[in-house]
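Raw contents of input_1.txt, compact mmCIF, C-alpha atoms and all ligand atoms:
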```
# COMPACT_ATOMS: atom_id res chain seq x y z
CA MET M 8 0.00 0.00 0.00
CA LYS M 9 1.16 3.51 -0.74
CA PRO M 10 2.40 5.39 2.36
CA ILE M 11 0.01 8.02 3.72
CA ILE M 12 2.96 10.44 4.00
CA GLU M 13 6.03 10.46 1.82
CA THR M 14 8.79 13.07 1.73
CA ARG M 15 11.65 13.27 -0.75
CA GLN M 16 14.65 15.37 0.17
CA ALA M 17 12.43 17.72 2.18
CA GLU M 18 14.29 20.82 3.21
CA LYS M 19 13.55 23.94 5.22
CA LEU M 20 16.11 26.70 5.34
CA TYR M 21 15.93 29.87 7.39
CA GLN M 22 17.98 32.92 6.61
CA VAL M 23 19.00 34.79 9.74
CA GLY M 24 21.26 37.73 8.96
CA ASP M 25 24.17 36.32 6.96
CA SER M 26 23.73 32.76 8.07
CA THR M 27 21.55 30.01 6.62
CA ILE M 28 20.03 27.56 9.09
CA HIS M 29 19.24 24.10 7.74
CA ALA M 30 16.36 23.42 10.12
CA VAL M 31 15.27 20.39 8.05
CA ASP M 32 17.97 19.09 5.78
CA GLY M 33 17.04 16.53 3.15
CA ILE M 34 14.57 14.26 4.93
CA ASN M 35 13.29 11.13 3.18
CA LEU M 36 10.48 9.63 5.17
CA GLN M 37 7.58 7.28 4.58
CA VAL M 38 4.75 6.87 7.06
CA GLU M 39 2.18 4.10 6.73
CA LYS M 40 -1.53 4.57 7.36
CA GLY M 41 -2.26 3.94 11.04
CA GLU M 42 1.37 4.21 12.09
CA PHE M 43 2.37 5.96 15.34
CA LEU M 44 5.58 7.84 14.73
CA CYS M 45 7.62 9.76 17.26
CA ILE M 46 10.08 12.46 16.26
CA SER M 47 12.80 12.89 18.85
CA GLY M 48 16.11 14.76 19.12
CA ARG M 49 17.76 17.51 21.09
CA SER M 50 16.50 21.05 21.27
CA GLY M 51 17.12 22.77 17.92
CA SER M 52 17.46 19.50 15.97
CA GLY M 53 14.50 20.38 13.72
CA LYS M 54 11.61 18.43 15.27
CA SER M 55 9.01 21.21 15.27
CA THR M 56 10.05 22.38 11.82
CA LEU M 57 9.66 18.86 10.41
CA LEU M 58 6.27 18.53 12.09
CA SER M 59 5.18 21.85 10.55
CA LEU M 60 6.23 20.67 7.10
CA LEU M 61 4.49 17.30 7.44
CA ALA M 62 1.32 18.98 8.69
CA GLY M 63 1.34 21.55 5.88
CA LEU M 64 1.71 24.48 8.29
CA GLU M 65 4.79 25.58 6.41
CA SER M 66 5.98 24.84 2.94
CA PRO M 67 9.41 23.33 2.27
CA THR M 68 12.24 25.38 0.76
CA ALA M 69 13.00 22.37 -1.47
CA GLY M 70 11.93 18.77 -1.92
CA GLU M 71 8.57 17.04 -1.98
CA ILE M 72 5.97 16.35 0.70
CA GLU M 73 3.16 14.10 -0.41
CA ILE M 74 0.26 13.46 1.94
CA LEU M 75 -2.76 11.36 0.95
CA GLY M 76 -1.55 11.65 -2.64
CA GLN M 77 -1.46 15.45 -2.51
CA HIS M 78 1.83 17.27 -3.11
CA LEU M 79 1.82 19.94 -0.38
CA GLU M 80 4.74 21.85 -1.89
CA GLN M 81 2.53 22.61 -4.88
CA LEU M 82 -0.22 24.23 -2.80
CA ASN M 83 -0.43 27.88 -1.80
CA GLU M 84 -1.17 28.88 1.78
CA LYS M 85 -4.92 29.01 1.32
CA GLU M 86 -5.01 25.58 -0.34
CA ARG M 87 -2.80 24.13 2.40
CA SER M 88 -5.13 25.52 5.02
CA ARG M 89 -8.12 23.90 3.29
CA PHE M 90 -6.20 20.63 3.06
CA ARG M 91 -5.38 20.74 6.80
CA ARG M 92 -8.99 21.43 7.74
CA ALA M 93 -10.13 18.44 5.71
CA HIS M 94 -7.56 15.84 6.78
CA ILE M 95 -5.47 16.87 9.77
CA GLY M 96 -5.93 17.28 13.52
CA PHE M 97 -3.60 18.98 15.99
CA VAL M 98 -2.99 18.43 19.68
CA PHE M 99 -0.96 21.13 21.44
CA GLN M 100 1.30 21.08 24.48
CA SER M 101 -0.58 23.97 26.06
CA TYR M 102 -4.01 22.67 24.96
CA ASN M 103 -4.99 25.96 23.22
CA LEU M 104 -8.58 25.83 24.46
CA LEU M 105 -10.70 28.96 24.27
CA PRO M 106 -11.26 30.03 27.90
CA GLN M 107 -14.65 31.70 27.38
CA PHE M 108 -16.22 28.55 25.95
CA SER M 109 -17.34 25.36 27.67
CA ALA M 110 -15.73 21.97 27.06
CA TRP M 111 -18.33 20.87 24.52
CA GLU M 112 -18.20 24.22 22.70
CA ASN M 113 -14.42 23.91 22.41
CA VAL M 114 -14.76 20.38 21.04
CA ALA M 115 -17.43 21.51 18.57
CA MET M 116 -15.40 24.47 17.28
CA PRO M 117 -13.98 22.69 14.16
CA LEU M 118 -17.55 21.64 13.28
CA GLN M 119 -18.79 25.21 13.64
CA ILE M 120 -16.04 26.38 11.27
CA ARG M 121 -17.38 23.81 8.78
CA GLY M 122 -20.87 25.26 9.11
CA ILE M 123 -22.45 22.20 10.76
CA PRO M 124 -25.77 23.08 12.48
CA LEU M 125 -25.83 23.54 16.27
CA LYS M 126 -27.86 20.44 17.13
CA GLU M 127 -25.65 18.15 15.07
CA ARG M 128 -22.40 19.62 16.37
CA LYS M 129 -23.53 19.36 19.96
CA GLU M 130 -24.47 15.70 19.47
CA ARG M 131 -21.14 14.94 17.81
CA ALA M 132 -19.19 16.84 20.50
CA MET M 133 -21.01 14.90 23.24
CA GLU M 134 -20.19 11.57 21.55
CA ILE M 135 -16.51 12.48 21.43
CA LEU M 136 -16.57 13.77 25.02
CA ASP M 137 -17.96 10.38 25.96
CA LEU M 138 -15.09 8.70 24.15
CA VAL M 139 -12.50 10.69 26.12
CA GLY M 140 -14.39 10.10 29.39
CA LEU M 141 -15.54 13.69 29.95
CA ARG M 142 -19.24 13.73 29.06
CA ASP M 143 -19.95 14.81 32.64
CA HIS M 144 -17.69 17.83 32.21
CA ALA M 145 -19.33 19.14 29.04
CA LEU M 146 -20.38 22.43 30.64
CA HIS M 147 -17.10 23.10 32.44
CA LYS M 148 -14.90 25.95 31.25
CA PRO M 149 -11.20 25.11 30.65
CA THR M 150 -10.14 26.78 33.95
CA GLU M 151 -12.49 24.40 35.77
CA LEU M 152 -10.61 21.36 34.46
CA SER M 153 -7.30 19.72 35.41
CA GLY M 154 -4.37 19.69 32.96
CA GLY M 155 -5.08 16.08 31.99
CA GLN M 156 -8.76 16.86 31.46
CA GLN M 157 -7.91 19.93 29.38
CA GLN M 158 -5.66 17.81 27.20
CA ARG M 159 -8.44 15.26 26.75
CA ILE M 160 -10.67 18.13 25.57
CA GLY M 161 -7.83 19.15 23.23
CA ILE M 162 -7.74 15.60 21.87
CA ALA M 163 -11.52 15.51 21.49
CA ARG M 164 -11.38 18.76 19.50
CA ALA M 165 -8.57 17.37 17.31
CA ILE M 166 -10.52 14.24 16.39
CA VAL M 167 -14.10 15.50 16.22
CA THR M 168 -13.90 15.79 12.42
CA GLY M 169 -12.33 12.32 12.04
CA PRO M 170 -8.97 13.41 10.56
CA ALA M 171 -6.77 10.87 8.79
CA ILE M 172 -3.64 12.16 10.53
CA VAL M 173 -3.18 13.75 13.95
CA PHE M 174 -0.04 15.73 14.82
CA ALA M 175 1.03 16.58 18.35
CA ASP M 176 3.96 18.69 19.55
CA GLU M 177 4.87 17.57 23.09
CA PRO M 178 1.25 16.64 23.95
CA THR M 179 2.24 15.45 27.42
CA GLY M 180 4.84 18.15 28.07
CA ASN M 181 2.72 20.00 30.66
CA LEU M 182 1.45 16.88 32.42
CA ASP M 183 2.90 14.78 35.21
CA SER M 184 4.19 11.42 34.07
CA ARG M 185 1.17 9.35 35.16
CA THR M 186 -1.33 11.72 33.52
CA GLY M 187 0.89 11.84 30.43
CA GLN M 188 0.75 8.05 30.19
CA GLU M 189 -3.02 8.08 30.57
CA VAL M 190 -3.28 10.60 27.74
CA MET M 191 -1.05 8.46 25.49
CA GLU M 192 -3.07 5.35 26.32
CA LEU M 193 -6.27 7.17 25.42
CA LEU M 194 -4.82 8.38 22.12
CA GLY M 195 -3.60 4.85 21.41
CA ARG M 196 -7.00 3.28 22.09
CA ILE M 197 -8.89 5.67 19.84
CA PHE M 198 -6.40 5.90 17.00
CA ARG M 199 -5.71 2.15 16.77
CA LYS M 200 -9.46 1.57 16.54
CA TRP M 201 -10.01 4.29 13.94
CA GLY M 202 -6.82 3.59 11.93
CA THR M 203 -5.69 7.18 12.48
CA THR M 204 -2.06 7.98 11.73
CA PHE M 205 -0.39 9.73 14.67
CA ILE M 206 2.81 11.75 14.59
CA LEU M 207 4.18 13.33 17.71
CA VAL M 208 7.22 15.26 18.82
CA SER M 209 8.42 14.36 22.28
CA HIS M 210 11.48 14.73 24.46
CA ASP M 211 10.11 12.18 26.87
CA GLU M 212 11.46 8.67 26.37
CA GLU M 213 8.56 7.31 28.44
CA MET M 214 6.27 8.21 25.53
CA TYR M 215 8.26 6.32 22.87
CA ARG M 216 6.90 2.96 23.96
CA TYR M 217 3.43 3.99 22.80
CA THR M 218 4.71 4.47 19.25
CA ASP M 219 5.65 2.09 16.42
CA ARG M 220 8.78 3.94 15.38
CA GLU M 221 11.03 6.68 16.66
CA ILE M 222 13.06 8.85 14.32
CA ARG M 223 15.79 10.82 16.01
CA LEU M 224 16.87 14.05 14.36
CA LYS M 225 20.23 15.75 14.53
CA ASP M 226 20.97 18.99 12.68
CA GLY M 227 17.83 18.59 10.58
CA LYS M 228 18.71 15.06 9.43
CA ILE M 229 17.48 11.64 10.53
CA GLU M 230 20.26 10.35 12.76
CA GLN M 231 18.63 7.11 13.83
CA GLN M 232 15.40 5.15 13.45
CA THR M 233 14.20 2.64 16.02
CA LEU M 234 11.25 0.32 15.49
CA ARG M 235 9.07 -0.81 18.39
CA GLU M 236 10.35 -4.40 18.00
CA GLU M 237 13.96 -3.24 18.30
CA ARG M 238 13.19 -1.18 21.38
CA MET M 239 11.69 -4.16 23.16
CA LEU M 240 14.78 -6.35 22.66
N1 LIG K 301 11.24 30.90 12.06
C1 LIG K 301 12.54 30.61 12.21
N2 LIG K 301 13.49 31.47 11.80
C2 LIG K 301 14.78 31.18 11.93
N3 LIG K 301 15.28 30.05 12.44
C3 LIG K 301 14.38 29.15 12.88
C4 LIG K 301 12.98 29.37 12.78
N4 LIG K 301 12.33 28.29 13.29
C5 LIG K 301 13.28 27.43 13.68
N5 LIG K 301 14.51 27.94 13.44
C6 LIG K 301 15.80 27.28 13.71
O1 LIG K 301 15.76 25.99 13.11
C7 LIG K 301 16.37 25.01 13.94
C8 LIG K 301 15.38 23.91 14.28
O2 LIG K 301 14.36 24.46 15.11
P1 LIG K 301 13.13 23.58 15.65
O3 LIG K 301 12.24 24.50 16.40
O4 LIG K 301 12.57 22.80 14.54
O5 LIG K 301 13.89 22.60 16.66
P2 LIG K 301 13.26 21.60 17.74
O6 LIG K 301 14.05 20.33 17.61
O7 LIG K 301 11.80 21.53 17.61
O8 LIG K 301 13.67 22.33 19.11
P3 LIG K 301 12.92 22.32 20.56
O9 LIG K 301 13.02 20.91 21.07
O10 LIG K 301 13.75 23.27 21.35
O11 LIG K 301 11.52 22.79 20.34
C9 LIG K 301 16.90 25.77 15.16
O12 LIG K 301 18.27 26.07 14.93
C10 LIG K 301 16.07 27.03 15.18
O13 LIG K 301 16.78 28.09 15.77
```
Please, can you express the file's structure as C-alpha cells?
Amino acid sequence: MKPIIETRQAEKLYQVGDSTIHAVDGINLQVEKGEFLCISGRSGSGKSTLLSLLAGLESPTAGEIEILGQHLEQLNEKERSRFRRAHIGFVFQSYNLLPQFSAWENVAMPLQIRGIPLKERKERAMEILDLVGLRDHALHKPTELSGGQQQRIGIARAIVTGPAIVFADEPTGNLDSRTGQEVMELLGRIFRKWGTTFILVSHDEEMYRYTDREIRLKDGKIEQQTLREERML
C-alpha cells in the first residue's frame, strides 16, 4: 500500500542575517496509514520544523511532501489551510482551548467552522466527550478542568472531524508522568481503533513505547530510526 505520507529530500532553510540555518535538511520519510511515529532529538534538531512541514503548516524550501496523494509543496497557503482542515488534527502542548467557551463548545469548534448546524455539532461533540471520558464535564470551562482533562478536551477537539492524521507537539509536556501516560493510552486506544495515523514530537522517552517507530533528528537530518520491535529487545 502507498504510504500516507512520503517526503523526498524535504528541506527547510531559514535565513538569519548572513547565516543560513538548515532546520530540516534533506529528509526522506515514509509513514504508513495507522502508524504511530515519534520524532525525537535535542532542542534545535529540527523536530518542530519537520512537524510543521508534514502537517502543511509551512511549505518546504525544497523537496517534496506528499500526503494522501497530494503534493503539499505545490499548494499555496490558502489551499494548504483547506487541506489541513479536511484531513489533519492537531494536539498542542498547552491545549490551546478557548477560555470563554465550555468543554463541549471547544470540542465543537472545528464543526462550527465547517458550518455544521448547532444540534448536530452538539451531538457529535457529546459523543466524542464520551469517548475521552468527559461527558460529565461538558459544561465546564477550561479553567475548571485539570491539565489532563484539558488535554483530553484538546484531543476531542482534534478528532471531532475524524482526521486521517493527527499531529502533536509535546502533547504530554505540561502533564505529570502518570497523567501523560493516561493521555497516550487514550490516544492509542482511539487511533488504533479508527486507523488514524499519529505523529508526535516528544522529548520524553517514556512516551516512545506507545509508538511504532522513533526517528531521532540531529541537525535537521534523521540520525537514527528505532522500530518498536527493536526497542523491546
Ligand atoms: N522561524 C525561524 N526562523 C529562523 N530560524 C528558525 C525558525 N524556526 C526554527 N529555526 C531554527 O531551526 C532550527 C530547528 O528548530 P526547531 O524549532 O525545529 O527545533 P526543535 O528540535 O523543535 O527544538 P525544541 O526541542 O527546542 O523545540 C533551530 O536552529 C532554530 O533556531
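With all atoms listed in the file as the atoms that count, the minimum distance from ligand LIG 301 (chain K) to the choices M:Phe97, M:Phe198, M:Tyr21, M:Trp111 is reached by M:Tyr21.
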Quick one: residues within 8 Å of Gly33 (chain M), all atoms listed in the file counted, chain neighbours fewer than 2 positions away excluded, as a list in words? Arg15, Gln16, Ala17, Glu18, Val31, Asn35, Gly70, Gly227 and Lys228 of chain M
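In this structure, CA of Leu82 (chain M) sits 22.9 Å away from atom O3 of ligand LIG 301 (chain K).
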Could you give me, as a VMD selection string, the residues that sit within 6 Å of (0.0, 9.9, 2.3) in the file's coordinates, counting all atoms listed in the file? chain M and resid 10 to 12 73 to 76
Would you save the residues of that selection, restricted to C-alpha atoms, as a PDB file, keeping the file's coordinate frame?
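Written out: part.pdb:
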```
ATOM      1  CA  PRO M  10       2.400   5.390   2.360  1.00  0.00           C
ATOM      2  CA  ILE M  11       0.010   8.020   3.720  1.00  0.00           C
ATOM      3  CA  ILE M  12       2.960  10.440   4.000  1.00  0.00           C
ATOM      4  CA  GLU M  73       3.160  14.100  -0.410  1.00  0.00           C
ATOM      5  CA  ILE M  74       0.260  13.460   1.940  1.00  0.00           C
ATOM      6  CA  LEU M  75      -2.760  11.360   0.950  1.00  0.00           C
ATOM      7  CA  GLY M  76      -1.550  11.650  -2.640  1.00  0.00           C
TER       8      GLY M  76
END
```
For ligand LIG 301 (chain K), which residue out of M:Ala175, M:Pro106, M:Thr150, M:Ser88 is the nearest one, using all atoms listed in the file?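 Under the stated criterion, the closest residue is M:Ala175.
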Which one is closest to ligand LIG 301 (chain K): M:Leu60, M:Met8, M:Leu104, M:Leu138? Count only C-alpha atoms and all ligand atoms.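 The shortest atom-to-atom distance to ligand LIG 301 (chain K) comes from M:Leu60.
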Protein and nucleic acid residues within 6 Å of ligand LIG 301 (chain K) (only C-alpha atoms and all ligand atoms) as a list in words: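 Here is the list of contacting residues: Tyr21, Val23, Ala30, Arg49, Ser50, Gly51, Ser52, Gly53, Lys54, Ser55 and Thr56 of chain M.
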Which one is closest to Glu151 (chain M): M:Pro178, M:Ile120, M:Gln232, M:Phe108? Count all atoms listed in the file.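 Counting all atoms listed in the file, the residue closest to Glu151 (chain M) is M:Phe108.
Between CA of Ser66 (chain M) and CA of Lys85 (chain M) there is a distance of 11.8 Å.
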Rounded to one decimal, what separation in Å do you get between CA of Glu80 (chain M) and CA of Leu20 (chain M)?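 Calculated distance between CA of Glu80 (chain M) and CA of Leu20 (chain M) is 14.3 Å.
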So which residues fall inside 10 Å of (8.8, 16.0, 15.0) if we count all atoms listed in the file? Mind giving them as a list in words?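 With a cut-off of 10 Å, the residues come to Leu44, Cys45, Ile46, Ser47, Gly48, Ser52, Gly53, Lys54, Ser55, Thr56, Leu57, Leu58, Ser59, Leu60, Leu61, Phe174, Ala175, Asp176, Glu177, Ile206, Leu207, Val208, Ser209, His210, Glu221, Ile222, Arg223 and Leu224 of chain M.
Each of M:Arg131, M:Lys9, M:Pro170, M:Arg87 was compared to Val38 (chain M) using all atoms listed in the file, and M:Lys9 turns out to be the nearest.
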With all atoms listed in the file as the atoms that count, which of M:Ser26, M:Gln157, M:Gln231, M:Thr203 lies nearest to Ser101 (chain M)?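 Between M:Ser26, M:Gln157, M:Gln231, M:Thr203, the residue approaching Ser101 (chain M) most closely is M:Gln157.
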Contacts of Leu136 (chain M) at 8 Å or less, counting only C-alpha atoms, minus same-chain residues fewer than 3 places along, as a compact mmCIF listing (two decimals) with C-alpha atoms, in the coordinates of the input?
```
# COMPACT_ATOMS: atom_id res chain seq x y z
CA TRP M 111 -18.33 20.87 24.52
CA VAL M 114 -14.76 20.38 21.04
CA ALA M 132 -19.19 16.84 20.50
CA MET M 133 -21.01 14.90 23.24
CA VAL M 139 -12.50 10.69 26.12
CA GLY M 140 -14.39 10.10 29.39
CA LEU M 141 -15.54 13.69 29.95
CA ARG M 142 -19.24 13.73 29.06
CA ALA M 145 -19.33 19.14 29.04
CA ILE M 160 -10.67 18.13 25.57
CA ALA M 163 -11.52 15.51 21.49
```
Generate the missing atoms of region 37-59 of chain M up to N, CA and C atoms and report them as a short mmCIF file (atom, residue, chain, number, x, y, z; two decimals), keeping the file's coordinate frame.
```cif
data_model
loop_
_atom_site.label_atom_id
_atom_site.label_comp_id
_atom_site.auth_asym_id
_atom_site.auth_seq_id
_atom_site.Cartn_x
_atom_site.Cartn_y
_atom_site.Cartn_z
N GLN M 37 8.86 7.86 4.99
CA GLN M 37 7.58 7.28 4.58
C GLN M 37 6.82 6.88 5.84
N VAL M 38 5.58 7.23 5.91
CA VAL M 38 4.75 6.87 7.06
C VAL M 38 3.55 6.09 6.55
N GLU M 39 3.31 4.93 7.16
CA GLU M 39 2.18 4.10 6.73
C GLU M 39 0.88 4.55 7.40
N LYS M 40 -0.22 4.26 6.76
CA LYS M 40 -1.53 4.57 7.36
C LYS M 40 -1.64 3.83 8.70
N GLY M 41 -2.07 4.55 9.72
CA GLY M 41 -2.26 3.94 11.04
C GLY M 41 -1.00 3.85 11.88
N GLU M 42 0.12 4.29 11.32
CA GLU M 42 1.37 4.21 12.09
C GLU M 42 1.42 5.30 13.17
N PHE M 43 2.08 4.96 14.29
CA PHE M 43 2.37 5.96 15.34
C PHE M 43 3.85 6.25 15.26
N LEU M 44 4.18 7.48 14.93
CA LEU M 44 5.58 7.84 14.73
C LEU M 44 5.97 8.93 15.72
N CYS M 45 7.13 8.74 16.34
CA CYS M 45 7.62 9.76 17.26
C CYS M 45 8.86 10.40 16.68
N ILE M 46 8.89 11.72 16.70
CA ILE M 46 10.08 12.46 16.26
C ILE M 46 10.79 12.94 17.50
N SER M 47 12.05 12.50 17.67
CA SER M 47 12.80 12.89 18.85
C SER M 47 14.09 13.61 18.43
N GLY M 48 14.85 14.05 19.40
CA GLY M 48 16.11 14.76 19.12
C GLY M 48 16.26 15.92 20.08
N ARG M 49 17.50 16.40 20.16
CA ARG M 49 17.76 17.51 21.09
C ARG M 49 17.07 18.79 20.65
N SER M 50 17.04 19.74 21.57
CA SER M 50 16.50 21.05 21.27
C SER M 50 17.25 21.65 20.07
N GLY M 51 16.50 22.15 19.09
CA GLY M 51 17.12 22.77 17.92
C GLY M 51 17.45 21.78 16.81
N SER M 52 17.10 20.50 16.99
CA SER M 52 17.46 19.50 15.97
C SER M 52 16.52 19.52 14.76
N GLY M 53 15.40 20.24 14.88
CA GLY M 53 14.50 20.38 13.72
C GLY M 53 13.15 19.69 13.86
N LYS M 54 12.84 19.22 15.07
CA LYS M 54 11.61 18.43 15.27
C LYS M 54 10.35 19.23 14.92
N SER M 55 10.24 20.42 15.51
CA SER M 55 9.01 21.21 15.27
C SER M 55 8.92 21.65 13.82
N THR M 56 10.06 21.96 13.23
CA THR M 56 10.05 22.38 11.82
C THR M 56 9.58 21.22 10.94
N LEU M 57 10.09 20.02 11.21
CA LEU M 57 9.66 18.86 10.41
C LEU M 57 8.16 18.62 10.59
N LEU M 58 7.70 18.72 11.83
CA LEU M 58 6.27 18.53 12.09
C LEU M 58 5.44 19.56 11.29
N SER M 59 5.90 20.80 11.30
CA SER M 59 5.18 21.85 10.55
C SER M 59 5.14 21.57 9.06
#
```
